[in-house]
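Before any comments, here is the structure.
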Amino acid sequence: MSDTMIALPLIDWLIEPLQYPFLVQAIWVSAFVGLVCAVLSCYITLKGWSLMGDAVSHAVVPGVVVAYALNIPFAIGAFLFGFGATVAIGYIKSKTRLKEDAVIGVVFTGFFAFGLVLVTKIPSNIDLFHILFGNVLGISQEDIIQTLIAGITTLVVILIRRKDLLLFCFDPNHAKAIGLNTQLMFYTLLSVLALTIVTALQTAGIILVIAMLVTPGSTAYLLTDRFDHMLGISIATSVFSCVGGTYLSYHFDVSTGGAIVVLLTVLFMVAMVFAPKYGILAQNSYRHQPIVDGTQGKG
């Protein structure tokens, strides 16, 4: 009887948001975005491109404003400016003595500031808050179509070039040695990065999208050494966080994008502490094992 009494409120908690079509729509759109971000997150984590993702996410702001001003799909403007920022980073890095992190900092802040200037000067109905933090609960059918096109394109490109991209991210020197066109892989990865950011724009916004691109892969990386397992764990944690975050945003009346990222971060912290091989507890246990035959923690 007590189990039934506990289960009923939980069922009600799960079913209540499904009575509203806009919330059902937000749940499946968030889950799709979580899937796309999780897949790319594994490659970004292996490549060490978290800062590049941050740069591209901020660089799309002027593209969104220009797209709305010209009455063209925002995805086109966002992609062009996001990809353009990465090209600018590559060009400046090749022509100056600056290190990549400095170049990225200069370019993405410049693009972002330019976008803020355009928002204040170009008459439009753009809500800066929605650009920065997303608005999946109020997403339009047109924006859903753009999100689906960008997301499906990203998944198809990754599926077709998955082995080459994996080798490029894991060991670019070996990839080049065996004849792989690493320059093509570089721009392919940048392209799908820009497309993924366009996909997640309405859900998480500019500020939070970087967490959706980095955290799922980082969580999975702590839990496994195999890439196929890493991909599955990344997808599971990301989709769970997107769906769960949407539920939490409804029941607690908080930002949907914020709730998604908080849930992602909680899962990461759990993995960071309790991961069986690379977690903090496991590492501490390894260091405190007695030394036997000149080795520590052997076996």
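So you can find residues: chains in the structure tokens are A, B, ... in the order shown, residues in each start at 1, and ligands are numbered from 1 in order.
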- Task: Can you pull out every residue within 10 Å of Ala211 in chain A, counting only C-alpha atoms, but drop anything in the same chain fewer than 6 positions away, and send it as a PyMOL selection string?
- Result: chain A and resi 37+41+50+53-54+204+260-262+264-265
- Message: Neighbouring residues of Tyr43 in chain A were defined as those with any atom within 10 Å, considering only C-alpha atoms; residues of the same chain fewer than 6 positions away were excluded. Please report them as a list in words.
- Response: Trp49, Ile158, Arg162, Leu165, Leu166, Leu167, Phe168, Cys169, Phe170, Leu189, Leu193, Leu213, Val214, Gly217, Phe227 and Leu231 of chain A
- If we count only C-alpha atoms, what is near range 235-247 of chain A at a cut-off of 10 Å, once residues fewer than 2 positions away on the same chain are taken out, given as a ChimeraX atom specification? /A:13-14,16-18,23-24,26-42,136-137,203-204,212-213,215-217,219-220,229-233,249-268
- Query: What's the 12 Å shell around Thr86 in chain A, counting only C-alpha atoms, without same-chain residues fewer than 2 positions away, as a VMD selection string?
  - Reply: chain A and resid 49 51 to 60 79 to 84 88 to 93 100 103 to 108 111 186 to 194
- Message: as a PyMOL selection string, please: every residue in range 71-171 of chain A that a backbone DSSP assignment puts in helix (DSSP H, G or I).
- Response: chain A and resi 74-95+100-121+128-133+136-138+141-160+162-170
- Message: Report as an NGL selection string all protein, DNA and RNA residues lying within 8 Å of Thr199 in chain A, evaluated on only C-alpha atoms, omitting residues in the same chain fewer than 6 positions from it.
- Response: :A and (33 or 36 or 146-148 or 150-151)
- Restricting the calculation to only C-alpha atoms, which member of A:Ala200, A:Ile207, A:Ile160, A:Ile11 is positioned closest to Phe112 in chain A?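 That would be A:Ile207, the residue with the smallest distance to Phe112 in chain A.
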- Note on the structure: Residue with the minimum atom-to-atom distance to Asp171 in chain A, picked from A:Gly63, A:Gly48, A:Gly115, A:Pro21 with only C-alpha atoms counted, is A:Gly48
Quick one: residues within 9 Å of Leu132 in chain A, only C-alpha atoms, excluding same-chain residues fewer than 3 positions away - as a PDB file with C-alpha atoms, in the first residue's frame?
ATOM      1  CA  HIS A  58      29.416  33.332 -29.117  1.00  0.00           C
ATOM      2  CA  VAL A  61      25.145  36.160 -32.276  1.00  0.00           C
ATOM      3  CA  ASP A 127      14.870  39.016 -27.405  1.00  0.00           C
ATOM      4  CA  LEU A 128      18.510  39.076 -26.310  1.00  0.00           C
ATOM      5  CA  PHE A 129      17.642  36.944 -23.277  1.00  0.00           C
ATOM      6  CA  LEU A 201      20.521  27.560 -30.014  1.00  0.00           C
ATOM      7  CA  ALA A 204      20.131  26.232 -24.381  1.00  0.00           C
ATOM      8  CA  GLY A 205      21.084  29.568 -25.955  1.00  0.00           C
ATOM      9  CA  ILE A 206      24.554  30.956 -26.578  1.00  0.00           C
ATOM     10  CA  ILE A 207      25.728  30.897 -22.961  1.00  0.00           C
ATOM     11  CA  LEU A 208      24.689  27.357 -22.029  1.00  0.00           C
TER      12      LEU A 208
END
